[in-house]
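Q: I'm passing along my_file-v6.cif; it holds mmCIF, C-alpha atoms and all ligand atoms.
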data_start
loop_
_atom_site.label_atom_id
_atom_site.label_comp_id
_atom_site.auth_asym_id
_atom_site.auth_seq_id
_atom_site.Cartn_x
_atom_site.Cartn_y
_atom_site.Cartn_z
CA MET A 1 -37.81 39.30 55.50
CA THR A 2 -39.10 41.46 52.67
CA PHE A 3 -41.62 40.16 50.16
CA TYR A 4 -38.83 40.05 47.61
CA GLU A 5 -36.65 37.83 49.81
CA GLN A 6 -39.54 35.57 50.77
CA ARG A 7 -40.44 35.03 47.16
CA ALA A 8 -36.84 34.27 46.23
CA GLN A 9 -36.76 31.65 48.96
CA ARG A 10 -40.10 30.08 48.02
CA THR A 11 -39.20 29.84 44.34
CA LYS A 12 -35.62 28.60 44.77
CA ALA A 13 -36.28 24.96 43.82
CA PHE A 14 -38.71 25.99 41.06
CA GLN A 15 -36.04 28.16 39.50
CA GLU A 16 -33.56 25.32 39.61
CA ASP A 17 -35.95 22.90 37.90
CA ARG A 18 -36.30 25.11 34.81
CA PHE A 19 -38.31 22.73 32.63
CA GLY A 20 -41.87 21.53 33.07
CA MET A 21 -44.80 19.90 31.26
CA PHE A 22 -48.13 21.68 30.90
CA ILE A 23 -51.06 19.32 30.30
CA HIS A 24 -54.32 20.63 28.86
CA TRP A 25 -56.89 17.90 29.01
CA GLY A 26 -60.64 17.85 29.30
CA ILE A 27 -63.83 16.96 27.46
CA TYR A 28 -62.95 19.57 24.81
CA ALA A 29 -60.60 16.90 23.46
CA ILE A 30 -63.67 15.30 21.87
CA PRO A 31 -64.78 18.20 19.64
CA ALA A 32 -61.01 18.69 19.24
CA ARG A 33 -61.40 22.20 17.87
CA HIS A 34 -59.83 24.24 20.69
CA GLU A 35 -60.14 24.23 24.47
CA TRP A 36 -62.19 27.41 24.04
CA VAL A 37 -64.61 25.74 21.62
CA ARG A 38 -67.60 26.49 23.87
CA SER A 39 -66.83 30.18 23.80
CA LEU A 40 -65.65 30.43 20.19
CA GLU A 41 -68.77 28.73 18.82
CA GLN A 42 -71.09 29.96 21.60
CA ILE A 43 -72.18 26.41 22.41
CA SER A 44 -74.97 25.98 24.97
CA ASN A 45 -74.72 23.74 28.04
CA GLU A 46 -77.20 21.39 26.41
CA ASP A 47 -75.19 21.02 23.21
CA TYR A 48 -71.91 20.65 25.09
CA GLN A 49 -73.37 17.92 27.31
CA GLN A 50 -72.76 15.18 24.71
CA PHE A 51 -69.02 15.42 25.32
CA PHE A 52 -69.49 14.95 29.06
CA ASP A 53 -71.75 11.94 28.42
CA GLU A 54 -69.16 10.39 26.11
CA PHE A 55 -65.89 11.13 27.90
CA ASN A 56 -64.20 7.75 28.27
CA PRO A 57 -60.41 7.95 28.06
CA VAL A 58 -59.77 4.23 27.73
CA HIS A 59 -56.06 4.71 27.10
CA TYR A 60 -55.42 7.12 29.97
CA ASN A 61 -52.24 5.91 31.61
CA PRO A 62 -50.60 8.79 33.46
CA ALA A 63 -47.57 6.62 34.22
CA GLU A 64 -46.81 6.83 30.48
CA TRP A 65 -47.22 10.60 30.52
CA ALA A 66 -44.91 10.82 33.52
CA ALA A 67 -42.34 8.58 31.83
CA LEU A 68 -42.38 10.89 28.82
CA ALA A 69 -41.95 13.99 30.98
CA LYS A 70 -39.11 12.32 32.79
CA LYS A 71 -37.44 11.24 29.58
CA ALA A 72 -37.69 14.83 28.26
CA GLY A 73 -35.94 16.05 31.40
CA MET A 74 -38.96 17.84 32.82
CA LYS A 75 -38.95 18.29 36.59
CA TYR A 76 -42.53 19.33 37.20
CA ALA A 77 -45.94 19.15 35.57
CA VAL A 78 -49.07 21.29 35.63
CA LEU A 79 -52.41 19.65 34.81
CA THR A 80 -55.69 21.44 34.08
CA THR A 81 -57.83 20.25 36.99
CA LYS A 82 -60.61 22.49 35.64
CA HIS A 83 -60.49 24.60 32.50
CA HIS A 84 -62.79 27.48 31.49
CA ASP A 85 -65.58 25.09 30.46
CA GLY A 86 -65.91 24.22 34.14
CA PHE A 87 -65.43 20.49 33.71
CA CYS A 88 -63.47 19.01 36.63
CA LEU A 89 -61.05 16.15 36.12
CA PHE A 90 -61.10 15.68 39.90
CA ASP A 91 -63.72 14.38 42.29
CA SER A 92 -65.12 17.52 43.84
CA GLN A 93 -67.92 17.36 46.40
CA TYR A 94 -69.15 20.77 45.21
CA THR A 95 -70.24 19.79 41.69
CA ASP A 96 -71.61 16.95 39.60
CA TYR A 97 -69.76 18.26 36.58
CA LYS A 98 -66.76 16.03 37.07
CA ALA A 99 -64.92 13.04 35.65
CA THR A 100 -66.38 10.62 38.20
CA ASN A 101 -69.82 11.15 36.63
CA THR A 102 -68.67 10.53 33.05
CA PRO A 103 -68.01 7.05 31.63
CA ALA A 104 -64.43 7.55 32.90
CA GLY A 105 -65.95 7.03 36.33
CA ARG A 106 -62.94 8.01 38.41
CA ASP A 107 -60.82 10.84 39.77
CA LEU A 108 -58.34 11.41 36.95
CA VAL A 109 -56.40 14.01 38.93
CA ARG A 110 -55.64 11.50 41.65
CA GLU A 111 -54.17 9.09 39.09
CA TYR A 112 -52.06 11.89 37.63
CA VAL A 113 -50.78 12.88 41.05
CA ASP A 114 -49.91 9.31 42.00
CA ALA A 115 -48.14 8.57 38.71
CA PHE A 116 -46.13 11.78 38.47
CA ARG A 117 -45.17 11.73 42.12
CA ALA A 118 -44.00 8.11 41.74
CA ALA A 119 -41.80 9.24 38.84
CA GLY A 120 -40.25 11.96 41.00
CA ILE A 121 -41.93 14.79 39.11
CA LYS A 122 -43.33 17.71 41.07
CA ILE A 123 -47.07 18.30 41.02
CA GLY A 124 -48.76 21.39 39.66
CA PHE A 125 -52.48 22.18 39.37
CA TYR A 126 -53.92 24.58 36.81
CA TYR A 127 -57.28 25.87 37.97
CA SER A 128 -59.49 28.11 35.86
CA LEU A 129 -60.91 31.13 37.68
CA ILE A 130 -63.34 31.42 34.80
CA ASP A 131 -66.24 28.95 34.71
CA TRP A 132 -68.69 28.69 31.83
CA HIS A 133 -70.73 25.96 33.48
CA HIS A 134 -71.42 27.36 36.93
CA PRO A 135 -74.87 29.01 37.11
CA ASP A 136 -73.56 31.94 39.16
CA TYR A 137 -70.74 32.91 36.82
CA PRO A 138 -71.64 36.06 34.85
CA ALA A 139 -72.83 35.00 31.40
CA TYR A 140 -74.81 37.59 29.43
CA GLY A 141 -72.70 40.59 28.50
CA ASP A 142 -69.46 38.98 29.67
CA ALA A 143 -66.52 39.35 27.29
CA ILE A 144 -66.00 35.63 26.63
CA HIS A 145 -68.79 33.54 28.15
CA PRO A 146 -70.44 31.24 25.56
CA MET A 147 -73.86 32.74 26.42
CA ARG A 148 -72.66 36.35 26.28
CA GLU A 149 -75.11 37.19 23.48
CA ASN A 150 -77.95 34.86 24.42
CA GLU A 151 -80.95 36.97 25.44
CA ALA A 152 -82.31 34.08 27.47
CA TYR A 153 -79.43 34.67 29.89
CA LYS A 154 -80.08 38.38 30.20
CA ASP A 155 -82.10 38.25 33.36
CA ARG A 156 -80.70 35.06 34.78
CA PRO A 157 -80.24 35.59 38.52
CA GLU A 158 -76.56 35.18 39.27
CA ASN A 159 -75.09 35.27 42.73
CA PHE A 160 -71.42 35.81 42.15
CA ASP A 161 -70.64 35.31 45.86
CA ASN A 162 -71.84 31.75 45.45
CA TYR A 163 -69.40 31.25 42.62
CA VAL A 164 -66.49 32.69 44.61
CA GLU A 165 -67.37 30.37 47.48
CA TYR A 166 -67.37 27.47 45.02
CA LEU A 167 -63.97 28.51 43.69
CA HIS A 168 -62.52 28.74 47.19
CA ASN A 169 -64.05 25.41 48.16
CA GLN A 170 -62.55 23.68 45.16
CA VAL A 171 -59.13 25.17 45.74
CA ARG A 172 -59.37 23.94 49.34
CA GLU A 173 -60.16 20.45 48.04
CA LEU A 174 -57.22 20.52 45.66
CA CYS A 175 -54.95 21.67 48.46
CA THR A 176 -56.22 19.11 50.95
CA ASN A 177 -56.92 15.86 49.13
CA TYR A 178 -53.77 15.24 47.08
CA GLY A 179 -50.79 15.64 49.38
CA GLN A 180 -48.07 18.16 48.63
CA ILE A 181 -48.79 20.49 45.71
CA ASP A 182 -45.77 22.29 44.31
CA VAL A 183 -47.33 24.75 41.88
CA MET A 184 -50.78 26.37 41.77
CA TRP A 185 -51.53 27.89 38.38
CA PHE A 186 -54.63 30.13 38.32
CA ASP A 187 -55.96 31.29 34.95
CA PHE A 188 -57.03 34.09 34.30
CA SER A 189 -58.22 37.63 35.11
CA TYR A 190 -59.78 40.08 32.64
CA ASP A 191 -61.88 43.26 32.66
CA ASP A 192 -63.20 43.73 36.18
CA MET A 193 -62.80 40.02 36.88
CA GLU A 194 -59.55 40.35 38.76
CA GLY A 195 -57.87 40.46 42.13
CA GLU A 196 -60.30 40.96 45.01
CA LYS A 197 -63.24 40.06 42.79
CA TRP A 198 -61.93 36.49 43.28
CA GLN A 199 -61.27 37.35 46.95
CA ALA A 200 -57.71 36.72 45.97
CA THR A 201 -56.03 37.76 49.22
CA LYS A 202 -58.21 35.37 51.19
CA LEU A 203 -57.63 32.64 48.61
CA ILE A 204 -53.87 32.97 48.81
CA GLU A 205 -53.96 33.09 52.60
CA MET A 206 -55.81 29.78 52.61
CA LEU A 207 -53.42 28.31 50.08
CA ARG A 208 -50.33 29.39 51.99
CA GLU A 209 -51.77 27.86 55.12
CA LEU A 210 -52.67 24.52 53.54
CA GLN A 211 -49.63 24.28 51.25
CA PRO A 212 -46.87 26.44 52.71
CA THR A 213 -44.26 25.47 50.11
CA CYS A 214 -46.54 25.73 47.06
CA ILE A 215 -45.78 28.51 44.62
CA ILE A 216 -48.44 30.48 42.76
CA ASP A 217 -48.58 32.16 39.36
CA ASN A 218 -49.57 35.81 38.87
CA ARG A 219 -52.91 35.47 37.09
CA LEU A 220 -55.17 36.33 40.01
CA GLY A 221 -54.15 39.75 38.80
CA GLN A 222 -54.29 40.95 35.21
CA THR A 223 -51.16 40.12 33.31
CA ASN A 224 -51.47 43.17 31.06
CA LYS A 225 -51.36 45.50 34.06
CA ASP A 226 -47.99 44.20 35.21
CA GLU A 227 -48.85 44.71 38.87
CA ALA A 228 -46.64 41.72 39.60
CA LEU A 229 -43.70 43.84 38.49
CA LEU A 230 -44.23 46.71 40.90
CA ALA A 231 -41.51 47.17 43.51
CA GLU A 232 -44.16 46.19 46.08
CA PRO A 233 -46.59 43.97 44.16
CA PRO A 234 -50.07 43.25 45.53
CA PHE A 235 -50.27 40.17 47.78
CA TYR A 236 -52.23 38.25 45.15
CA SER A 237 -49.50 38.66 42.52
CA GLY A 238 -48.14 35.31 43.60
CA ASP A 239 -44.62 34.06 43.09
CA PHE A 240 -43.87 34.05 39.40
CA TYR A 241 -44.67 35.92 36.22
CA SER A 242 -46.18 33.88 33.37
CA PRO A 243 -45.55 35.20 29.84
CA GLU A 244 -47.56 33.11 27.38
CA GLN A 245 -46.30 32.15 23.90
CA ILE A 246 -43.46 34.64 24.16
CA ILE A 247 -39.99 34.83 25.69
CA PRO A 248 -39.36 38.37 26.88
CA SER A 249 -36.31 39.95 25.24
CA GLN A 250 -34.51 40.73 28.49
CA GLY A 251 -36.11 38.23 30.85
CA VAL A 252 -38.34 39.74 33.55
CA THR A 253 -37.40 42.42 36.04
CA ASP A 254 -39.40 44.56 38.44
CA ALA A 255 -39.72 48.34 38.63
CA LEU A 256 -36.41 48.50 40.49
CA GLY A 257 -34.65 46.38 37.86
CA ARG A 258 -34.44 43.32 40.10
CA PRO A 259 -35.00 39.89 38.52
CA VAL A 260 -38.48 38.42 38.99
CA PRO A 261 -39.05 34.65 38.82
CA TRP A 262 -40.79 33.79 35.56
CA GLU A 263 -41.96 30.89 33.47
CA CYS A 264 -42.79 31.02 29.78
CA CYS A 265 -45.68 28.73 28.88
CA MET A 266 -45.67 27.58 25.28
CA THR A 267 -47.76 25.32 23.07
CA LEU A 268 -45.96 22.64 21.10
CA ASN A 269 -48.28 23.16 18.13
CA ASP A 270 -50.76 26.07 17.96
CA ASN A 271 -53.28 25.00 20.58
CA TRP A 272 -53.32 24.04 24.26
CA GLY A 273 -56.10 21.47 24.12
CA TYR A 274 -56.06 18.61 21.61
CA VAL A 275 -56.84 19.79 18.08
CA ALA A 276 -56.91 16.93 15.63
CA LYS A 277 -56.03 19.04 12.60
CA ASP A 278 -53.25 21.07 14.15
CA LYS A 279 -50.03 19.50 12.94
CA ASN A 280 -47.96 22.64 13.23
CA TYR A 281 -45.53 21.17 15.71
CA LYS A 282 -42.31 22.79 16.80
CA THR A 283 -39.20 20.71 16.35
CA ALA A 284 -37.02 19.31 19.12
CA GLN A 285 -34.40 21.85 18.13
CA ASN A 286 -36.93 24.68 18.57
CA VAL A 287 -37.75 23.40 22.03
CA VAL A 288 -34.09 23.07 23.04
CA HIS A 289 -33.36 26.57 21.80
CA MET A 290 -36.37 28.00 23.66
CA LEU A 291 -35.36 26.23 26.84
CA VAL A 292 -31.81 27.53 26.60
CA GLU A 293 -33.11 31.02 25.84
CA CYS A 294 -35.38 31.00 28.89
CA VAL A 295 -32.61 29.78 31.20
CA SER A 296 -30.13 32.28 29.75
CA LYS A 297 -32.60 35.00 30.76
CA GLY A 298 -33.28 33.57 34.20
CA GLY A 299 -36.61 31.87 33.42
CA ASN A 300 -38.36 28.50 33.14
CA LEU A 301 -40.07 26.86 30.18
CA LEU A 302 -43.40 25.06 30.51
CA ILE A 303 -44.09 23.11 27.32
CA ASN A 304 -47.63 22.00 26.66
CA VAL A 305 -49.05 18.65 25.65
CA GLY A 306 -52.71 18.16 24.68
CA PRO A 307 -53.79 14.54 25.16
CA ASN A 308 -56.69 13.30 23.02
CA ALA A 309 -60.11 12.09 24.11
CA LYS A 310 -58.79 8.59 24.67
CA GLY A 311 -56.12 9.90 27.00
CA GLU A 312 -53.12 9.63 24.71
CA ILE A 313 -50.48 12.24 24.07
CA PRO A 314 -50.27 12.71 20.27
CA LYS A 315 -47.48 10.69 18.69
CA GLU A 316 -45.92 13.81 17.14
CA THR A 317 -45.61 15.30 20.63
CA VAL A 318 -44.07 12.11 21.98
CA ALA A 319 -41.48 12.08 19.19
CA VAL A 320 -40.43 15.69 19.79
CA LEU A 321 -40.18 15.30 23.55
CA GLN A 322 -38.18 12.10 23.25
CA GLU A 323 -35.69 13.85 21.03
CA VAL A 324 -35.50 16.74 23.49
CA GLY A 325 -34.81 14.07 26.11
CA GLU A 326 -31.79 12.81 24.18
CA TRP A 327 -30.33 16.29 24.22
CA MET A 328 -31.16 16.70 27.91
CA HIS A 329 -29.51 13.38 28.70
CA ASN A 330 -26.24 14.84 27.48
CA ASN A 331 -26.68 18.45 28.44
CA SER A 332 -29.03 18.96 31.39
CA ASP A 333 -26.13 20.19 33.54
CA SER A 334 -26.33 23.36 31.49
CA ILE A 335 -30.03 23.78 32.41
CA TYR A 336 -30.82 22.64 35.98
CA GLY A 337 -29.80 25.15 38.60
CA CYS A 338 -28.52 27.47 35.90
CA GLY A 339 -29.45 31.03 35.11
CA ARG A 340 -28.25 34.18 33.52
CA ALA A 341 -24.50 34.51 32.91
CA ASP A 342 -22.90 37.85 33.52
CA LEU A 343 -21.78 38.15 29.90
CA PRO A 344 -23.23 39.76 26.79
CA LYS A 345 -25.17 37.47 24.45
CA PRO A 346 -22.63 35.91 22.09
CA GLU A 347 -23.02 35.89 18.30
CA TRP A 348 -23.13 32.11 18.01
CA GLY A 349 -25.73 31.24 20.66
CA ARG A 350 -26.27 31.78 24.36
CA TYR A 351 -24.64 31.42 27.74
CA THR A 352 -26.07 29.92 30.90
CA GLN A 353 -24.24 29.79 34.23
CA ARG A 354 -24.20 27.96 37.54
CA GLY A 355 -21.56 29.04 40.05
CA ASN A 356 -18.14 29.08 38.41
CA LYS A 357 -19.32 27.02 35.44
CA ILE A 358 -20.34 28.82 32.29
CA TYR A 359 -22.20 26.85 29.64
CA ALA A 360 -21.69 27.99 26.09
CA HIS A 361 -24.64 26.87 23.96
CA ILE A 362 -23.33 26.95 20.42
CA PHE A 363 -26.06 27.05 17.77
CA GLU A 364 -23.88 28.34 14.94
CA ARG A 365 -20.48 26.85 14.27
CA GLY A 366 -18.93 29.81 12.48
CA THR A 367 -15.53 29.19 10.94
CA ALA A 368 -11.99 28.38 12.07
CA ALA A 369 -11.03 28.14 15.75
CA PHE A 370 -13.86 28.71 18.17
CA ARG A 371 -13.57 31.70 20.43
CA PHE A 372 -15.18 33.09 23.60
CA ASP A 373 -14.69 36.81 23.19
CA ASP A 374 -15.13 37.93 26.76
CA LEU A 375 -13.26 35.17 28.53
CA GLN A 376 -9.63 35.59 27.58
CA GLY A 377 -7.42 34.41 30.43
CA LYS A 378 -10.44 33.53 32.58
CA VAL A 379 -11.05 29.88 31.71
CA LYS A 380 -9.43 27.06 33.69
CA LYS A 381 -10.73 24.23 31.56
CA ALA A 382 -13.18 23.49 28.79
CA ARG A 383 -15.14 20.28 28.29
CA LEU A 384 -17.61 19.14 25.68
CA LEU A 385 -20.68 18.56 27.82
CA MET A 386 -22.15 15.78 25.67
CA ASP A 387 -19.36 13.33 26.49
CA GLY A 388 -17.09 15.07 28.99
CA SER A 389 -14.17 15.17 26.61
CA GLU A 390 -11.48 17.81 26.93
CA LEU A 391 -11.43 20.77 24.57
CA GLN A 392 -7.94 22.17 24.56
CA LEU A 393 -7.58 25.85 25.19
CA PHE A 394 -4.95 27.62 23.15
CA GLU A 395 -3.82 31.05 22.14
CA PRO A 396 -3.23 31.26 18.41
CA TRP A 397 -0.98 33.89 16.84
CA TYR A 398 -4.01 35.39 15.15
CA SER A 399 -5.62 36.21 18.49
CA ARG A 400 -3.90 39.59 17.99
CA TYR A 401 -6.80 40.41 15.61
CA GLN A 402 -9.45 39.49 18.14
CA PRO A 403 -8.59 38.26 21.62
CA GLY A 404 -10.63 35.64 23.45
CA ALA A 405 -10.47 32.18 24.96
CA PHE A 406 -9.92 29.81 22.01
CA VAL A 407 -10.86 26.14 21.91
CA ASP A 408 -10.31 23.53 19.26
CA LEU A 409 -13.72 22.11 18.39
CA GLY A 410 -11.94 19.85 15.95
CA THR A 411 -14.83 19.56 13.50
CA ALA A 412 -16.29 21.43 10.60
CA ASP A 413 -19.80 20.66 11.88
CA LEU A 414 -21.09 21.00 15.38
CA PRO A 415 -20.87 17.73 17.35
CA GLU A 416 -24.54 18.17 18.30
CA SER A 417 -26.63 19.96 15.72
CA MET A 418 -29.50 20.82 18.13
CA GLY A 419 -27.04 22.68 20.31
CA THR A 420 -23.49 21.89 21.29
CA VAL A 421 -22.64 22.79 24.84
CA VAL A 422 -19.15 23.63 26.05
CA GLU A 423 -18.66 23.67 29.79
CA LEU A 424 -16.19 26.35 30.82
CA GLU A 425 -14.82 26.24 34.30
CA LEU A 426 -13.72 29.68 35.38
CA LYS A 427 -10.42 30.28 37.16
C1 LIG A 501 -54.95 31.18 28.38
C2 LIG A 501 -56.06 30.49 27.73
C3 LIG A 501 -55.94 29.07 27.81
C4 LIG A 501 -54.73 28.39 28.29
C5 LIG A 501 -53.80 29.26 29.05
C6 LIG A 501 -52.42 28.72 29.18
O1 LIG A 501 -55.01 32.43 28.74
O2 LIG A 501 -57.29 30.96 28.15
O3 LIG A 501 -56.84 28.33 27.13
O4 LIG A 501 -55.13 27.45 29.21
O5 LIG A 501 -53.82 30.55 28.74
O6 LIG A 501 -51.51 29.65 29.63
#
Please re-express this file's structure in structure tokens.
A:
Amino acid sequence: MTFYEQRAQRTKAFQEDRFGMFIHWGIYAIPARHEWVRSLEQISNEDYQQFFDEFNPVHYNPAEWAALAKKAGMKYAVLTTKHHDGFCLFDSQYTDYKATNTPAGRDLVREYVDAFRAAGIKIGFYYSLIDWHHPDYPAYGDAIHPMRENEAYKDRPENFDNYVEYLHNQVRELCTNYGQIDVMWFDFSYDDMEGEKWQATKLIEMLRELQPTCIIDNRLGQTNKDEALLAEPPFYSGDFYSPEQIIPSQGVTDALGRPVPWECCMTLNDNWGYVAKDKNYKTAQNVVHMLVECVSKGGNLLINVGPNAKGEIPKETVAVLQEVGEWMHNNSDSIYGCGRADLPKPEWGRYTQRGNKIYAHIFERGTAAFRFDDLQGKVKKARLLMDGSELQLFEPWYSRYQPGAFVDLGTADLPESMGTVVELELK
């Protein structure tokens, strides 16, 4: 089997799931000014320590998070087991900088795994390749390390091999102690910190051995180099491409024009970690439209939540995801297992397709009888997906001006304002 075929096989279920929850959570939820706060404000270890000493998420109840993900129609989740600040939500034997040593006093990753697995949601781990706490991670002169300009760090002896060993050890723990892991999400490579600097081939070999069905993102390589899109990508390019905060215009294809599995990760407001003042939330309609857009281009959508220091998902986030869930309750058949339709993008919205079913996602009602331009004579039946009701197909006399498959939507407004879906069964 070629690499291309192997990857297609490994990512099959992932590409059917289409919708996931990203969870950015750590002690940065206390300063609540960005998950990069240590780097942005160049905060020392000593000054950052207060947040470790205080971290006590008394309302952490991952069963509630899982219920929300399930309600929203999400099939998998990805939790930050360690972010760039180096703080580990899991009980690692290789560091003291972990949740078990904070007032939380327990392995928060284990509770997440248990709760999400019990809810039937697949388990993903985000793991930061970057580490601003580890003494052997390059600090002075680095592009983003909090101590990059601190002269006191200039001659600090750093043994990067020690750090790489630490990274590999922790990934082994994550792949050994929590049962089946479905997604491994490394983040991220920059400058010369990329690929074999992380001993990426060895890392992936270990991962494939410990978790043969787990799929891996592409950030062991540098995303701006697009190595993952070469006809023969490097081994460490993983299984899927990970555009951040953007949905590529044409989906993602490799140098030979073949589709590449991809997942767009997107914040729900303007930050990944909890930011108290950031109320710039997207609406449920935005989320539905983004999800449909991703699927129509053959990709997944990973929507982020940033729980606060007490362990709660912000109420604005909950409201949006619940509303998305109402739409998914009616329309998820047009998402799961669906992908690109072999039709041009229509004026009024987007198409998705699974087998001989085409899903017309209508975002703009337009006027008069509703028409599918490219499907004249090709449709066997049409149903409104929200309630399964028949939409009669007909051929009006005025189709001489513009042929197509016509249906009678019967209303001046769209039956579902967030997105009305018509299921078209092809002949
Ligand atoms: C990034 C950021 C980060 C976030 C991530 C999500 O590159 O460093 O804070 O975790 O992307 O995709």
Q: Set up a box along x, y and z of the file covering all listed atoms of ligand LIG 501 (chain A), add 3 Å on every one of the six sides, and write the centre and edge lengths in Å to one decimal, as lines of an AutoDock Vina configuration file.
A:
center_x = -54.4
center_y = 29.9
center_z = 28.4
size_x = 11.8
size_y = 11.0
size_z = 8.5
Q: Ligand LIG 501 (chain A): which residues are within 7 Å, counting only C-alpha atoms and all ligand atoms, as number ranges by chain?
A: A: 24, 35-36, 83, 187-188, 244, 265, 272
Q: Looking at A:Pro314, A:Gly257, A:Gly349, A:Gly298, which one is nearest to Glu16 of chain A, with distances taken over only C-alpha atoms?
A: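 Going through A:Pro314, A:Gly257, A:Gly349, A:Gly298 one by one, the smallest distance to Glu16 of chain A is for A:Gly298.
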Q: Nearest to Ser237 of chain A: which of A:Phe14, A:Phe52, A:Phe87, A:Phe186 is it, counting all atoms listed in the file?
A: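 Nearest to Ser237 of chain A: A:Phe186.
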Q: Might you pull out every residue within 9 Å of segment 194-201 of chain A, with all atoms listed in the file counted and same-chain residues fewer than 5 positions away left off, and present them as a short mmCIF file (atom, residue, chain, number, x, y, z; two decimals) with C-alpha atoms, keeping the file's coordinate frame?
A:
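Written output follows (around00.cif):
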data_model
loop_
_atom_site.label_atom_id
_atom_site.label_comp_id
_atom_site.auth_asym_id
_atom_site.auth_seq_id
_atom_site.Cartn_x
_atom_site.Cartn_y
_atom_site.Cartn_z
CA LEU A 129 -60.91 31.13 37.68
CA VAL A 164 -66.49 32.69 44.61
CA LEU A 167 -63.97 28.51 43.69
CA HIS A 168 -62.52 28.74 47.19
CA PHE A 188 -57.03 34.09 34.30
CA SER A 189 -58.22 37.63 35.11
CA MET A 206 -55.81 29.78 52.61
CA ARG A 219 -52.91 35.47 37.09
CA LEU A 220 -55.17 36.33 40.01
CA GLY A 221 -54.15 39.75 38.80
CA GLN A 222 -54.29 40.95 35.21
CA PRO A 234 -50.07 43.25 45.53
CA PHE A 235 -50.27 40.17 47.78
CA TYR A 236 -52.23 38.25 45.15
CA SER A 237 -49.50 38.66 42.52
#
Q: Could you tell me how far atom CA of Glu293 of chain A sits from atom CA of Arg340 of chain A, in Å to one decimal place?
A: 9.6 Å
Q: At a cut-off of 8 Å, using only C-alpha atoms, what residues contact segment 226-231 of chain A? Leave out same-chain residues fewer than 4 positions from it and give the result as a ChimeraX atom specification.
A: /A:218,221-222,237-238,241,253-256,260
Q: Measuring atom to atom with only C-alpha atoms, identify which of A:Val324, A:Ile30, A:Cys175, A:Leu210 is nearest to Val275 of chain A.
A: A:Ile30
Q: Which residues come within 9 Å of Tyr126 of chain A, counting all atoms listed in the file, excluding same-chain residues fewer than 4 positions away, as a list in words?
A: Phe22, Ile23, His24, Val78, Leu79, Thr80, Thr81, Lys82, His83, Val183, Met184, Trp185, Phe186 and Asp187 of chain A
Q: What is the distance, in Å and to one decimal place, between atom CA of Met1 of chain A and atom CA of Asn300 of chain A?
A: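 One can read the atom CA of Met1 of chain A to atom CA of Asn300 of chain A distance as 24.8 Å.
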Q: Taking into account all atoms listed in the file, which residue in the set A:Phe240, A:Ala72, A:Asp91, A:Gln376 is nearest to Pro259 of chain A?
A: A:Phe240
Q: Between A:Thr223, A:His361, A:Asp191, A:Ile335, which is the closest to Glu347 of chain A once you count all atoms listed in the file?
A: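 Closest to Glu347 of chain A, using all atoms listed in the file: A:His361.
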Q: How many Å separate atom CA of Phe160 of chain A from atom CA of Tyr137 of chain A?
A: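 Result for atom CA of Phe160 of chain A versus atom CA of Tyr137 of chain A: 6.1 Å, one decimal.
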Q: Select, from A:Pro307, A:Tyr112, A:Thr95, A:His145, the residue with the minimum atom-to-atom distance to Tyr166 of chain A, counting only C-alpha atoms.
A: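 Answer, going by the shortest atom-to-atom distance: A:Thr95.
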Q: What's the 7 Å shell around segment 380-393 of chain A, counting only C-alpha atoms, without same-chain residues fewer than 6 positions away, as a list in words?
A: Asn330, Asn331, Ala405, Phe406, Val407, Asp408, Leu409, Val421, Val422, Glu423, Leu424, Glu425, Leu426 and Lys427 of chain A
Q: Counting only C-alpha atoms, what is within 10 Å of Arg10 of chain A, bar same-chain residues fewer than 6 positions away, as a VMD selection string?
A: chain A and resid 212 to 216 239
Q: Is it possible to add N, CA, C and O atoms to segment 159-164 of chain A and hand it back as a PDB file, in the coordinates of the input?
A:
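What follows is the written file selection-v2.pdb:
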ATOM      1  N   ASN A 159     -75.628  34.844  41.447  1.00  0.00           N
ATOM      2  CA  ASN A 159     -75.090  35.270  42.730  1.00  0.00           C
ATOM      3  C   ASN A 159     -73.591  34.996  42.734  1.00  0.00           C
ATOM      4  O   ASN A 159     -73.145  33.896  43.040  1.00  0.00           O
ATOM      5  N   PHE A 160     -72.858  36.027  42.351  1.00  0.00           N
ATOM      6  CA  PHE A 160     -71.420  35.810  42.150  1.00  0.00           C
ATOM      7  C   PHE A 160     -70.723  35.355  43.437  1.00  0.00           C
ATOM      8  O   PHE A 160     -69.737  34.609  43.374  1.00  0.00           O
ATOM      9  N   ASP A 161     -71.235  35.775  44.590  1.00  0.00           N
ATOM     10  CA  ASP A 161     -70.640  35.310  45.860  1.00  0.00           C
ATOM     11  C   ASP A 161     -70.676  33.791  45.959  1.00  0.00           C
ATOM     12  O   ASP A 161     -69.757  33.173  46.493  1.00  0.00           O
ATOM     13  N   ASN A 162     -71.759  33.217  45.449  1.00  0.00           N
ATOM     14  CA  ASN A 162     -71.840  31.750  45.450  1.00  0.00           C
ATOM     15  C   ASN A 162     -70.710  31.149  44.626  1.00  0.00           C
ATOM     16  O   ASN A 162     -70.117  30.140  44.996  1.00  0.00           O
ATOM     17  N   TYR A 163     -70.474  31.784  43.469  1.00  0.00           N
ATOM     18  CA  TYR A 163     -69.400  31.250  42.620  1.00  0.00           C
ATOM     19  C   TYR A 163     -68.048  31.366  43.327  1.00  0.00           C
ATOM     20  O   TYR A 163     -67.253  30.428  43.325  1.00  0.00           O
ATOM     21  N   VAL A 164     -67.790  32.498  43.949  1.00  0.00           N
ATOM     22  CA  VAL A 164     -66.490  32.690  44.610  1.00  0.00           C
ATOM     23  C   VAL A 164     -66.327  31.657  45.740  1.00  0.00           C
ATOM     24  O   VAL A 164     -65.242  31.104  45.932  1.00  0.00           O
TER      25      VAL A 164
END
